[in-house]
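A.B. asks: Dropping in protein39.txt, which is compact mmCIF, C-alpha atoms and all ligand atoms:
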```txt
# COMPACT_ATOMS: atom_id res chain seq x y z
CA MET A 1 -225.28 72.22 171.93
CA ALA A 2 -221.66 73.27 172.14
CA THR A 3 -219.08 74.11 174.79
CA ILE A 4 -218.09 77.75 174.46
CA LEU A 5 -215.17 79.42 176.20
CA VAL A 6 -216.05 83.06 176.84
CA THR A 7 -213.09 85.29 177.69
CA GLY A 8 -214.18 88.44 179.50
CA GLY A 9 -217.46 86.67 180.27
CA CYS A 10 -218.01 88.58 183.52
CA GLY A 11 -217.93 91.93 181.68
CA TYR A 12 -220.77 93.98 180.28
CA ILE A 13 -221.29 92.37 176.86
CA GLY A 14 -219.81 89.02 177.87
CA SER A 15 -222.23 88.46 180.76
CA HIS A 16 -225.27 89.15 178.56
CA THR A 17 -223.89 86.78 175.93
CA CYS A 18 -223.37 84.03 178.54
CA VAL A 19 -227.05 84.36 179.51
CA GLU A 20 -228.20 83.87 175.93
CA LEU A 21 -225.78 80.95 175.39
CA ILE A 22 -227.08 79.23 178.53
CA ASN A 23 -230.69 79.94 177.52
CA LEU A 24 -229.96 77.91 174.39
CA HIS A 25 -228.41 75.10 176.49
CA HIS A 26 -224.82 75.68 175.46
CA ASP A 27 -222.15 74.92 178.07
CA VAL A 28 -220.35 78.08 179.05
CA ILE A 29 -216.86 78.36 180.53
CA ILE A 30 -215.76 81.85 181.54
CA VAL A 31 -212.17 83.07 181.71
CA ASP A 32 -211.90 86.52 183.30
CA ASN A 33 -209.31 88.18 185.55
CA LEU A 34 -212.07 90.40 187.06
CA TYR A 35 -210.06 93.53 186.22
CA ASN A 36 -213.23 95.33 185.14
CA SER A 37 -215.99 93.11 186.54
CA SER A 38 -217.29 91.42 189.66
CA ILE A 39 -217.39 87.76 190.64
CA LYS A 40 -221.01 88.45 191.66
CA VAL A 41 -221.90 88.45 187.96
CA LEU A 42 -221.80 84.64 188.12
CA ASP A 43 -224.60 84.61 190.72
CA ARG A 44 -226.58 87.10 188.64
CA ILE A 45 -226.26 84.84 185.59
CA LYS A 46 -227.48 81.94 187.73
CA GLU A 47 -230.41 84.00 189.00
CA ILE A 48 -231.49 84.66 185.41
CA THR A 49 -230.78 81.27 183.83
CA GLY A 50 -230.67 78.78 186.70
CA VAL A 51 -227.12 77.84 185.72
CA LYS A 52 -223.87 79.12 187.20
CA PRO A 53 -221.21 78.99 184.50
CA LYS A 54 -217.89 77.29 185.12
CA PHE A 55 -215.39 80.03 185.95
CA TYR A 56 -211.61 80.42 185.82
CA GLN A 57 -210.11 83.56 187.32
CA VAL A 58 -207.35 83.66 184.76
CA ASP A 59 -205.50 86.48 183.00
CA ILE A 60 -205.19 85.83 179.28
CA LEU A 61 -201.59 87.03 179.58
CA ASP A 62 -200.94 83.83 181.55
CA ARG A 63 -200.31 81.29 178.81
CA ALA A 64 -199.80 78.31 181.11
CA ALA A 65 -203.13 78.95 182.83
CA LEU A 66 -204.87 79.25 179.46
CA ASP A 67 -203.33 75.93 178.31
CA GLN A 68 -204.70 74.33 181.45
CA VAL A 69 -208.22 75.61 180.75
CA PHE A 70 -208.07 74.05 177.28
CA ALA A 71 -206.58 70.83 178.67
CA GLU A 72 -209.30 70.45 181.32
CA ASN A 73 -212.28 71.09 179.01
CA LYS A 74 -213.42 69.96 175.61
CA ILE A 75 -214.01 73.36 174.06
CA ASP A 76 -215.72 73.74 170.68
CA ALA A 77 -215.34 77.48 170.16
CA VAL A 78 -214.23 80.72 171.79
CA ILE A 79 -215.92 84.09 172.09
CA HIS A 80 -213.15 86.57 172.92
CA PHE A 81 -214.32 89.66 174.81
CA ALA A 82 -211.42 90.08 177.26
CA GLY A 83 -209.58 93.34 176.83
CA TYR A 84 -209.29 96.96 177.89
CA LYS A 85 -211.69 99.36 176.20
CA ALA A 86 -211.25 102.97 177.31
CA VAL A 87 -210.22 105.13 174.37
CA GLY A 88 -208.79 108.05 176.39
CA GLU A 89 -206.87 105.75 178.73
CA SER A 90 -205.37 103.95 175.74
CA VAL A 91 -203.80 107.24 174.62
CA ALA A 92 -202.28 107.76 178.08
CA ILE A 93 -201.00 104.17 178.57
CA PRO A 94 -200.64 102.68 175.08
CA LEU A 95 -198.18 99.94 176.05
CA THR A 96 -200.58 98.60 178.67
CA TYR A 97 -203.28 98.46 176.01
CA TYR A 98 -201.07 96.80 173.41
CA LYS A 99 -199.86 94.27 175.97
CA ASN A 100 -203.30 93.30 177.23
CA ASN A 101 -205.24 93.46 173.97
CA ILE A 102 -202.55 92.21 171.56
CA SER A 103 -200.17 90.03 173.62
CA GLY A 104 -203.09 88.62 175.62
CA SER A 105 -205.00 87.82 172.45
CA ILE A 106 -201.98 86.18 170.79
CA ASN A 107 -201.61 83.99 173.89
CA LEU A 108 -205.22 82.95 173.47
CA TYR A 109 -204.87 82.23 169.74
CA GLU A 110 -201.74 80.16 170.40
CA ALA A 111 -203.45 78.22 173.17
CA MET A 112 -206.39 77.60 170.83
CA ALA A 113 -204.14 76.37 168.02
CA LYS A 114 -202.32 74.04 170.44
CA ALA A 115 -205.64 72.61 171.65
CA ASN A 116 -206.91 72.36 168.07
CA VAL A 117 -209.80 74.75 168.78
CA LYS A 118 -210.07 76.84 165.62
CA THR A 119 -213.42 78.59 165.88
CA ILE A 120 -213.49 82.11 167.28
CA VAL A 121 -215.76 85.11 167.47
CA PHE A 122 -213.79 88.28 168.18
CA SER A 123 -215.05 91.58 169.67
CA SER A 124 -214.02 94.22 167.20
CA SER A 125 -215.47 97.70 167.01
CA ALA A 126 -216.85 100.28 164.62
CA THR A 127 -213.84 102.32 165.73
CA VAL A 128 -211.85 100.45 163.01
CA TYR A 129 -213.65 102.60 160.39
CA GLY A 130 -212.00 105.77 161.77
CA ASP A 131 -213.84 108.82 160.38
CA PRO A 132 -215.93 107.22 157.62
CA ALA A 133 -216.34 109.08 154.33
CA SER A 134 -220.06 108.30 154.29
CA VAL A 135 -222.83 106.50 156.18
CA PRO A 136 -224.24 103.89 156.51
CA ILE A 137 -220.92 102.10 157.00
CA LYS A 138 -220.36 98.87 155.07
CA GLU A 139 -217.86 96.20 156.05
CA ASP A 140 -215.69 96.86 153.00
CA PHE A 141 -215.09 100.54 153.88
CA PRO A 142 -211.44 101.56 154.39
CA LEU A 143 -210.06 100.91 157.87
CA SER A 144 -208.08 103.33 160.02
CA THR A 145 -207.78 104.23 163.67
CA THR A 146 -207.23 107.36 165.71
CA ASN A 147 -206.14 105.92 169.07
CA PRO A 148 -204.23 102.91 170.49
CA TYR A 149 -207.43 101.16 171.60
CA GLY A 150 -208.75 101.23 168.04
CA THR A 151 -205.38 100.08 166.76
CA THR A 152 -205.51 97.02 169.03
CA LYS A 153 -208.82 96.08 167.39
CA LEU A 154 -207.46 96.62 163.88
CA TYR A 155 -204.30 94.58 164.63
CA ASN A 156 -206.33 91.74 166.12
CA GLU A 157 -208.43 91.65 162.97
CA GLN A 158 -205.27 91.51 160.84
CA ILE A 159 -203.65 88.86 163.03
CA LEU A 160 -206.72 86.63 162.77
CA LYS A 161 -206.95 87.17 159.00
CA ASP A 162 -203.30 86.09 158.73
CA VAL A 163 -203.99 83.06 160.93
CA TYR A 164 -206.69 82.01 158.49
CA VAL A 165 -204.37 82.48 155.51
CA SER A 166 -201.88 80.17 157.22
CA ASP A 167 -204.47 77.53 158.14
CA ALA A 168 -207.83 77.29 156.35
CA GLU A 169 -209.23 75.08 159.12
CA TRP A 170 -209.99 78.22 161.16
CA SER A 171 -213.40 79.79 161.39
CA ILE A 172 -213.17 83.43 162.42
CA LEU A 173 -215.86 86.06 162.84
CA LEU A 174 -214.78 89.64 163.47
CA LEU A 175 -217.82 91.40 164.91
CA ARG A 176 -217.70 95.17 164.66
CA TYR A 177 -219.98 96.52 167.38
CA PHE A 178 -221.45 99.98 167.11
CA ASN A 179 -222.49 101.58 170.44
CA PRO A 180 -223.77 98.94 172.92
CA ILE A 181 -226.05 100.34 175.64
CA GLY A 182 -228.96 99.14 177.80
CA ALA A 183 -229.10 96.27 180.24
CA HIS A 184 -230.77 92.94 180.90
CA LYS A 185 -234.57 93.28 181.42
CA SER A 186 -234.24 91.76 184.90
CA GLY A 187 -232.06 94.66 186.05
CA LEU A 188 -229.49 92.09 187.21
CA LEU A 189 -226.85 92.70 184.53
CA GLY A 190 -225.69 95.98 183.04
CA GLU A 191 -222.80 98.39 182.77
CA THR A 192 -221.18 100.22 185.68
CA PRO A 193 -217.99 101.99 184.70
CA ASN A 194 -215.45 102.93 187.38
CA GLY A 195 -215.02 106.65 188.03
CA ILE A 196 -216.40 109.31 185.71
CA PRO A 197 -218.05 107.60 182.72
CA ASN A 198 -216.67 108.43 179.27
CA ASN A 199 -219.58 106.94 177.37
CA LEU A 200 -222.86 108.74 176.92
CA LEU A 201 -225.38 106.35 178.47
CA PRO A 202 -223.59 105.63 181.75
CA TYR A 203 -223.05 109.38 182.12
CA ILE A 204 -226.73 110.21 181.54
CA ALA A 205 -227.71 107.45 183.99
CA GLN A 206 -225.50 109.03 186.65
CA VAL A 207 -227.13 112.41 186.05
CA ALA A 208 -230.51 110.73 186.48
CA THR A 209 -229.48 109.07 189.76
CA GLY A 210 -228.12 112.38 191.06
CA LYS A 211 -224.45 111.34 191.00
CA ARG A 212 -223.60 114.03 188.38
CA GLU A 213 -225.12 117.46 188.11
CA PHE A 214 -225.62 117.72 184.35
CA LEU A 215 -224.75 116.05 181.07
CA ARG A 216 -221.86 117.64 179.19
CA VAL A 217 -222.78 117.56 175.51
CA TRP A 218 -219.55 117.48 173.51
CA GLY A 219 -220.33 119.99 170.76
CA ASN A 220 -223.48 121.07 168.93
CA ASP A 221 -221.88 122.34 165.74
CA TYR A 222 -221.63 119.06 163.82
CA ASP A 223 -223.41 118.64 160.51
CA THR A 224 -226.20 116.52 162.03
CA VAL A 225 -229.92 116.78 162.76
CA ASP A 226 -229.39 119.04 165.81
CA GLY A 227 -225.63 119.64 165.70
CA THR A 228 -224.77 116.91 168.25
CA GLY A 229 -222.98 113.65 167.42
CA VAL A 230 -224.99 110.80 165.90
CA ARG A 231 -224.32 107.14 166.76
CA ASP A 232 -225.84 103.71 166.17
CA TYR A 233 -226.85 102.62 169.68
CA ILE A 234 -227.62 98.92 170.03
CA HIS A 235 -229.26 97.09 172.93
CA VAL A 236 -226.72 94.83 174.64
CA VAL A 237 -229.21 91.93 174.56
CA ASP A 238 -229.53 92.31 170.78
CA LEU A 239 -225.74 92.29 170.61
CA ALA A 240 -225.65 89.13 172.75
CA LEU A 241 -228.17 87.47 170.40
CA GLY A 242 -225.94 88.50 167.48
CA HIS A 243 -223.14 86.50 169.13
CA ILE A 244 -225.37 83.44 169.30
CA LYS A 245 -226.04 83.66 165.57
CA ALA A 246 -222.33 84.31 164.98
CA ILE A 247 -221.14 81.30 166.96
CA GLU A 248 -223.71 79.06 165.29
CA TYR A 249 -222.53 80.30 161.89
CA ALA A 250 -218.85 79.95 162.79
CA LEU A 251 -219.34 76.37 164.00
CA GLY A 252 -220.78 75.45 160.60
CA HIS A 253 -218.41 77.29 158.24
CA LYS A 254 -214.70 77.84 157.78
CA GLY A 255 -213.28 81.19 156.73
CA VAL A 256 -212.98 84.72 158.03
CA GLU A 257 -215.75 87.33 157.95
CA CYS A 258 -216.09 90.89 159.28
CA ILE A 259 -219.66 91.75 160.30
CA ASN A 260 -221.23 94.97 161.58
CA LEU A 261 -223.52 94.61 164.59
CA GLY A 262 -225.66 97.72 164.84
CA THR A 263 -229.27 98.68 164.29
CA GLY A 264 -228.68 100.78 161.19
CA ASN A 265 -230.31 103.80 162.89
CA GLY A 266 -228.51 106.90 164.11
CA TYR A 267 -229.54 108.98 167.15
CA SER A 268 -228.06 112.31 168.24
CA VAL A 269 -226.84 113.01 171.76
CA LEU A 270 -229.89 115.20 172.42
CA GLN A 271 -232.27 112.56 171.04
CA VAL A 272 -230.74 109.97 173.38
CA LYS A 273 -230.96 112.39 176.29
CA ASP A 274 -234.66 112.94 175.50
CA ALA A 275 -235.34 109.20 175.22
CA PHE A 276 -233.70 108.64 178.60
CA ALA A 277 -235.63 111.54 180.14
CA LYS A 278 -238.85 109.95 178.87
CA ALA A 279 -237.90 106.54 180.34
CA ALA A 280 -236.89 108.00 183.70
CA LYS A 281 -239.77 110.49 183.72
CA MET A 282 -237.50 113.39 184.61
CA GLU A 283 -235.59 116.24 183.01
CA ILE A 284 -231.92 115.57 182.28
CA PRO A 285 -230.08 118.87 182.69
CA TYR A 286 -227.29 119.45 180.17
CA GLN A 287 -224.76 122.01 178.98
CA ILE A 288 -223.23 122.35 175.55
CA MET A 289 -219.43 122.13 175.76
CA ASP A 290 -216.60 122.21 173.18
CA ARG A 291 -216.20 119.21 170.90
CA ARG A 292 -214.39 116.22 172.42
CA PRO A 293 -211.09 115.66 170.56
CA GLY A 294 -211.20 112.59 168.30
CA ASP A 295 -215.01 112.51 168.02
CA ILE A 296 -216.67 112.12 164.63
CA ALA A 297 -220.00 113.62 163.57
CA THR A 298 -221.96 110.57 162.47
CA CYS A 299 -221.56 106.81 162.63
CA TYR A 300 -224.13 104.13 161.85
CA ALA A 301 -224.05 100.68 160.34
CA ASP A 302 -225.17 99.13 157.12
CA THR A 303 -226.61 95.94 158.62
CA THR A 304 -227.25 94.01 155.40
CA LYS A 305 -224.40 91.54 155.88
CA ALA A 306 -225.49 90.52 159.41
CA LYS A 307 -229.01 89.98 158.11
CA GLU A 308 -227.93 87.96 155.07
CA LEU A 309 -225.10 85.91 156.55
CA LEU A 310 -226.29 85.40 160.13
CA GLY A 311 -230.03 85.92 159.80
CA TRP A 312 -229.76 88.45 162.62
CA SER A 313 -231.09 91.95 163.09
CA ALA A 314 -231.66 94.09 166.15
CA ARG A 315 -235.13 94.11 167.74
CA TYR A 316 -234.99 96.70 170.49
CA ASP A 317 -235.40 100.43 169.93
CA ILE A 318 -233.89 103.43 171.68
CA ASP A 319 -236.78 103.62 174.18
CA ASP A 320 -236.22 99.98 175.22
CA MET A 321 -232.50 100.66 175.57
CA CYS A 322 -233.05 103.69 177.82
CA GLN A 323 -235.78 101.96 179.86
CA ASP A 324 -233.54 98.98 180.58
CA ALA A 325 -230.48 101.15 181.31
CA TRP A 326 -232.56 103.20 183.76
CA ASN A 327 -233.98 100.07 185.44
CA PHE A 328 -230.44 98.72 185.96
CA ALA A 329 -229.09 102.07 187.20
CA GLN A 330 -231.86 102.36 189.80
CA LYS A 331 -231.46 98.79 191.04
CA ASN A 332 -227.66 98.91 191.15
CA PRO A 333 -226.59 102.40 192.29
CA ASN A 334 -223.13 101.08 193.19
CA GLY A 335 -222.81 98.57 190.39
CA ILE A 336 -222.98 94.78 190.68
CA GLU A 337 -221.98 94.02 194.28
P1 LIG B 401 -215.88 95.01 179.90
O1 LIG B 401 -214.70 95.75 180.41
O2 LIG B 401 -217.17 95.14 180.65
O3 LIG B 401 -215.55 93.46 179.76
C1 LIG B 401 -214.26 93.00 179.46
C2 LIG B 401 -213.94 91.89 180.45
O4 LIG B 401 -212.63 91.38 180.16
C3 LIG B 401 -213.93 92.36 181.91
O5 LIG B 401 -214.72 91.49 182.70
C4 LIG B 401 -212.46 92.29 182.30
O6 LIG B 401 -212.29 91.98 183.68
C5 LIG B 401 -211.93 91.21 181.38
N1 LIG B 401 -210.50 91.32 181.08
C6 LIG B 401 -209.79 92.40 180.69
N2 LIG B 401 -208.51 92.09 180.50
C7 LIG B 401 -208.39 90.75 180.78
C8 LIG B 401 -207.30 89.84 180.78
N3 LIG B 401 -206.05 90.23 180.49
N4 LIG B 401 -207.54 88.55 181.12
C9 LIG B 401 -208.80 88.14 181.44
N5 LIG B 401 -209.85 88.97 181.47
C10 LIG B 401 -209.65 90.26 181.15
O7 LIG B 401 -216.09 95.46 178.37
P2 LIG B 401 -217.32 95.22 177.38
O8 LIG B 401 -217.98 96.51 177.18
O9 LIG B 401 -218.08 94.04 177.82
O10 LIG B 401 -216.52 94.89 176.06
C11 LIG B 401 -216.20 93.56 175.68
C12 LIG B 401 -215.36 93.60 174.43
O11 LIG B 401 -216.06 94.29 173.41
C13 LIG B 401 -214.02 94.32 174.59
O12 LIG B 401 -213.05 93.63 173.84
C14 LIG B 401 -214.30 95.68 173.99
O13 LIG B 401 -213.13 96.28 173.49
C15 LIG B 401 -215.26 95.33 172.87
N6 LIG B 401 -216.12 96.44 172.48
C16 LIG B 401 -216.84 97.10 173.43
C17 LIG B 401 -217.63 98.17 173.07
C18 LIG B 401 -218.39 98.96 174.11
O14 LIG B 401 -218.76 100.10 173.83
N7 LIG B 401 -218.67 98.42 175.28
C19 LIG B 401 -217.72 98.55 171.73
C20 LIG B 401 -217.00 97.84 170.77
C21 LIG B 401 -216.20 96.78 171.16
C1 LIG B 402 -221.34 108.91 171.99
C2 LIG B 402 -221.74 110.35 171.64
C3 LIG B 402 -220.06 111.95 172.23
C4 LIG B 402 -220.33 111.35 176.56
C5 LIG B 402 -216.81 104.93 172.07
C6 LIG B 402 -215.54 104.39 171.49
C7 LIG B 402 -215.84 103.28 170.53
C8 LIG B 402 -216.73 102.22 171.17
C9 LIG B 402 -217.91 102.80 171.86
C10 LIG B 402 -215.39 100.43 171.97
C11 LIG B 402 -220.60 111.16 171.04
C12 LIG B 402 -221.30 112.17 173.05
C13 LIG B 402 -220.52 111.26 175.20
C14 LIG B 402 -220.70 112.54 177.25
C15 LIG B 402 -221.45 113.46 175.15
N1 LIG B 402 -216.06 101.46 172.17
N2 LIG B 402 -221.07 112.30 174.50
N3 LIG B 402 -221.24 113.55 176.52
O1 LIG B 402 -217.33 107.92 171.25
O2 LIG B 402 -219.18 106.90 169.84
O3 LIG B 402 -217.61 105.42 170.98
O4 LIG B 402 -217.52 103.87 172.72
O5 LIG B 402 -215.04 99.93 170.95
O6 LIG B 402 -214.61 102.76 170.16
O7 LIG B 402 -214.87 105.43 170.83
O8 LIG B 402 -219.25 106.63 172.34
O9 LIG B 402 -220.68 106.98 174.30
O10 LIG B 402 -218.38 108.02 174.27
O11 LIG B 402 -220.14 108.93 172.77
O12 LIG B 402 -221.91 114.43 174.54
O13 LIG B 402 -220.52 112.69 178.45
O14 LIG B 402 -222.08 111.02 172.86
O15 LIG B 402 -219.47 113.17 171.88
O16 LIG B 402 -221.17 112.03 170.11
P1 LIG B 402 -218.30 106.83 171.03
P2 LIG B 402 -219.59 107.61 173.52
```
Could you express the structure from this file as structure tokens?
C.D. replies:
Amino acid sequence: MATILVTGGCGYIGSHTCVELINLHHDVIIVDNLYNSSIKVLDRIKEITGVKPKFYQVDILDRAALDQVFAENKIDAVIHFAGYKAVGESVAIPLTYYKNNISGSINLYEAMAKANVKTIVFSSSATVYGDPASVPIKEDFPLSTTNPYGTTKLYNEQILKDVYVSDAEWSILLLRYFNPIGAHKSGLLGETPNGIPNNLLPYIAQVATGKREFLRVWGNDYDTVDGTGVRDYIHVVDLALGHIKAIEYALGHKGVECINLGTGNGYSVLQVKDAFAKAAKMEIPYQIMDRRPGDIATCYADTTKAKELLGWSARYDIDDMCQDAWNFAQKNPNGIE
């Protein structure tokens, strides 16, 4: 049993990870400024697990407040989810993204070093592979980015690698998530983006609940099974369980490792639409549009390293993911409130 500080723990992936940590009797302390989440998430976590995590409404840009969190608690390790994540927005307001995701993270790493907490699991992204030359994508593929959001992930990876070079006491896992979707089985936790969703699943869910008229499919002229983009969708609960394995590994080893968290399977936009339609027992109307700038044709993970190093692999399939996303969307038409 360990005490884990979870930054961004009220968010989509963070909240599911807190549930799995608590299920395994770890002590969870959440730091979140609630920029993209609701305080009600804490009650939802309690409803699922019976435990309400300790919570600090703190911005990771506030170094003094972070120092206080470390001073008041005996923390063994950190899982760092806090950050902004909208690709398009990052192009429009890059400095805001660099400040939050880079300056905020450096604050956290400094506060950790000061408190002598040197074990961290960081939320990276498959976006650091840019447009990969081939699939499945292995961790040693070349890295590049096409937008400021992706660059914040790449820089954080580099910063943490440099931290390890400077001090071999650190234990650092850089988890590269593919496309997290789905929701907790209970329907109590899930994803509710503000405004018009950019990501595929939240958009389809809003078509299903009648909020949007039809799905806009961004291009059907890619070199894929049906011409639409192919991605490695992973159930958010599988991702959360991957973090459990990662934190357990990190607590027992020193070093720095990059690890893909995906299923290893690719699904096209139309295949996902069909899976959702099956789960919701309804047609999902759609229209083929032009390609979305910056999109790639195909992206899915080689998952060998996660299996070998962490003993983790994803369990849920695309039907489970759509079923759980639909359950959450129906139960929470206005998000977690
Ligand atoms: P999310 O927006 O639901 O959660 C992030 C949480 O961090 C939110 O609760 C937000 O309020 C909080 N936060 C943001 N800035 C903060 C700050 N300065 N101080 C304190 N809290 C702050 O996002 P998510 O989907 O759960 O993603 C979690 C992490 O995983 C992010 O770092 C994201 O970039 C990364 N990631 C997400 C995806 C995805 O598709 N969801 C894919 C790859 C990587
Ligand atoms: C998936 C597929 C779209 C919406 C993004 C970030 C990535 C990561 C996950 C954080 C693509 C198509 C989508 C729609 C569509 N986030 N699509 N109509 O672009 O793979 O990854 O989120 O790290 O960094 O770039 O995910 O869900 O936006 O798109 O046709 O309304 O669905 O073209 O083929 P993406 P996505």
A.B. asks: Please list as a VMD selection string every residue within 7 Å of Ala301 of chain A, counting only C-alpha atoms and excluding residues in the same chain fewer than 6 positions away.
C.D. replies: chain A and resid 136 to 138 232 260 262 to 264
A.B. asks: Looking at all atoms listed in the file, which of A:Ala325, A:Ile172, A:Ile336, A:Val272 is the one that sits closest to ligand LIG 402 (chain B)?
C.D. replies: A:Val272
A.B. asks: Using all atoms listed in the file, find each residue of chain A with at least one atom at most 9 Å away from an atom of ligand LIG 401 (chain B); report its shortest atom-to-atom pair and that distance in Å (one decimal), sort the rows by chain and rising residue number, and return the result as CSV.
C.D. replies:
```
residue,atom,partner,partner_atom,distance
A:Thr7,CA,B:LIG401,N5,6.2
A:Gly8,CA,B:LIG401,O4,3.4
A:Gly9,CA,B:LIG401,O5,6.1
A:Cys10,CA,B:LIG401,O5,4.5
A:Gly11,CA,B:LIG401,O5,3.4
A:Tyr12,CA,B:LIG401,O9,3.6
A:Ile13,CA,B:LIG401,O9,3.7
A:Gly14,CA,B:LIG401,O9,5.3
A:Ser15,CA,B:LIG401,O9,7.5
A:His16,CA,B:LIG401,O9,8.7
A:Val31,CA,B:LIG401,C9,6.1
A:Asp32,CA,B:LIG401,N5,3.7
A:Asn33,CA,B:LIG401,C9,4.1
A:Leu34,CA,B:LIG401,O6,3.7
A:Tyr35,CA,B:LIG401,O6,3.7
A:Asn36,CA,B:LIG401,O6,3.8
A:Ser37,CA,B:LIG401,O5,4.4
A:Ser38,CA,B:LIG401,O5,7.4
A:Gln57,CA,B:LIG401,C9,7.6
A:Val58,CA,B:LIG401,C9,5.8
A:Asp59,CA,B:LIG401,N4,3.5
A:Ile60,CA,B:LIG401,N4,4.0
A:Leu61,CA,B:LIG401,N3,5.6
A:Asp62,CA,B:LIG401,N4,8.1
A:His80,CA,B:LIG401,O12,7.1
A:Phe81,CA,B:LIG401,C12,4.1
A:Ala82,CA,B:LIG401,O4,3.4
A:Gly83,CA,B:LIG401,C6,4.0
A:Tyr84,CA,B:LIG401,C6,5.4
A:Lys85,CA,B:LIG401,O13,4.3
A:Ala86,CA,B:LIG401,O13,7.9
A:Lys99,CA,B:LIG401,N3,8.7
A:Asn100,CA,B:LIG401,N3,5.3
A:Asn101,CA,B:LIG401,N3,7.3
A:Gly104,CA,B:LIG401,N3,5.9
A:Ser105,CA,B:LIG401,N3,8.5
A:Phe122,CA,B:LIG401,O12,7.8
A:Ser123,CA,B:LIG401,O11,4.7
A:Ser124,CA,B:LIG401,C21,5.2
A:Ser125,CA,B:LIG401,C20,4.1
A:Ala126,CA,B:LIG401,C20,6.6
A:Thr127,CA,B:LIG401,C20,7.4
A:Tyr149,CA,B:LIG401,O13,7.7
A:Gly150,CA,B:LIG401,O13,8.6
A:Thr152,CA,B:LIG401,O13,8.9
A:Lys153,CA,B:LIG401,O13,7.5
A:Leu175,CA,B:LIG401,C21,8.4
A:Arg176,CA,B:LIG401,C20,6.7
A:Tyr177,CA,B:LIG401,C20,4.7
A:Phe178,CA,B:LIG401,C19,6.1
A:Asn179,CA,B:LIG401,O14,5.3
A:Pro180,CA,B:LIG401,O14,5.2
A:Ile181,CA,B:LIG401,O14,7.5
A:Gly190,CA,B:LIG401,O2,8.9
A:Glu191,CA,B:LIG401,O2,6.8
A:Thr192,CA,B:LIG401,O2,8.2
A:Pro193,CA,B:LIG401,O2,8.0
A:Asn199,CA,B:LIG401,O14,7.7
A:Val236,CA,B:LIG401,N7,8.8
```
A.B. asks: Could you check the closest approach to ligand LIG 402 (chain B) for each of A:Ile30, A:Ala208, A:Ala183, A:Val128 and tell me which residue wins, using only C-alpha atoms and all ligand atoms?
C.D. replies: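 For ligand LIG 402 (chain B), the nearest of the given residues is A:Val128.
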A.B. asks: Report, in Å to a single decimal, how far apart atom CA of Leu309 of chain A and atom CA of Ile159 of chain A are.
C.D. replies: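 Interatomic distance, atom CA of Ile159 of chain A to atom CA of Leu309 of chain A: 22.6 Å.
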A.B. asks: If we count only C-alpha atoms, what is near segment 48-52 of chain A at a cut-off of 9 Å, once residues fewer than 6 positions away on the same chain are taken out, given as a list in words?
C.D. replies: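 Residues meeting the cut-off are Val19, Glu20, Ile22, Asn23, Val28, Leu42, Ser186 and Leu188 of chain A.
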A.B. asks: Just checking: using all atoms listed in the file, which residue out of A:Gly311, A:Gly88, A:Pro94, A:Pro333 ends up closest to ligand LIG 402 (chain B)?
C.D. replies: A:Gly88
A.B. asks: Box in all listed atoms of ligand LIG 402 (chain B), axis-aligned, with 3 Å more on each side; write out centre and edge lengths in Å to one decimal as AutoDock Vina command-line options.
C.D. replies:
```
--center_x -218.3 --center_y 107.2 --center_z 174.1 --size_x 13.5 --size_y 20.5 --size_z 14.6
```
A.B. asks: Ranking A:Ala92, A:Leu239, A:Ala277, A:Ile204 by minimum distance to ligand LIG 402 (chain B) and counting all atoms listed in the file, which one comes first?
C.D. replies: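 Closest candidate: A:Ile204.
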A.B. asks: Pick from A:Trp326, A:Tyr267, A:Tyr203, A:Phe214: nearest to ligand LIG 402 (chain B), with all atoms listed in the file counted?
C.D. replies: A:Tyr203
A.B. asks: Extract, using only C-alpha atoms, all DNA, RNA and protein residues at most 9 Å from Val91 of chain A, discarding same-chain residues fewer than 6 positions from it, and format them as a ChimeraX atom specification.
C.D. replies: /A:97,147-149
A.B. asks: Can you measure atom CA of Ile39 of chain A to atom CA of Glu337 of chain A for me? One decimal in Å is fine.
C.D. replies: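 Spanning atom CA of Ile39 of chain A to atom CA of Glu337 of chain A is a straight-line distance of 8.6 Å.
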A.B. asks: Complete segment 110-114 of chain A at the level of N, CA, C and O atoms, written as a PDB file, keeping the file's coordinate frame.
C.D. replies:
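The new file result-v1.pdb reads:
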```pdb
ATOM      1  N   GLU A 110    -202.722  81.258 170.355  1.00  0.00           N
ATOM      2  CA  GLU A 110    -201.740  80.160 170.400  1.00  0.00           C
ATOM      3  C   GLU A 110    -202.281  78.978 171.207  1.00  0.00           C
ATOM      4  O   GLU A 110    -202.112  77.821 170.806  1.00  0.00           O
ATOM      5  N   ALA A 111    -202.899  79.296 172.332  1.00  0.00           N
ATOM      6  CA  ALA A 111    -203.450  78.220 173.170  1.00  0.00           C
ATOM      7  C   ALA A 111    -204.540  77.477 172.398  1.00  0.00           C
ATOM      8  O   ALA A 111    -204.651  76.242 172.469  1.00  0.00           O
ATOM      9  N   MET A 112    -205.344  78.229 171.638  1.00  0.00           N
ATOM     10  CA  MET A 112    -206.390  77.600 170.830  1.00  0.00           C
ATOM     11  C   MET A 112    -205.774  76.664 169.799  1.00  0.00           C
ATOM     12  O   MET A 112    -206.192  75.509 169.654  1.00  0.00           O
ATOM     13  N   ALA A 113    -204.766  77.173 169.077  1.00  0.00           N
ATOM     14  CA  ALA A 113    -204.140  76.370 168.020  1.00  0.00           C
ATOM     15  C   ALA A 113    -203.575  75.080 168.620  1.00  0.00           C
ATOM     16  O   ALA A 113    -203.747  73.987 168.063  1.00  0.00           O
ATOM     17  N   LYS A 114    -202.921  75.215 169.784  1.00  0.00           N
ATOM     18  CA  LYS A 114    -202.320  74.040 170.440  1.00  0.00           C
ATOM     19  C   LYS A 114    -203.393  73.012 170.797  1.00  0.00           C
ATOM     20  O   LYS A 114    -203.188  71.805 170.653  1.00  0.00           O
TER      21      LYS A 114
END
```
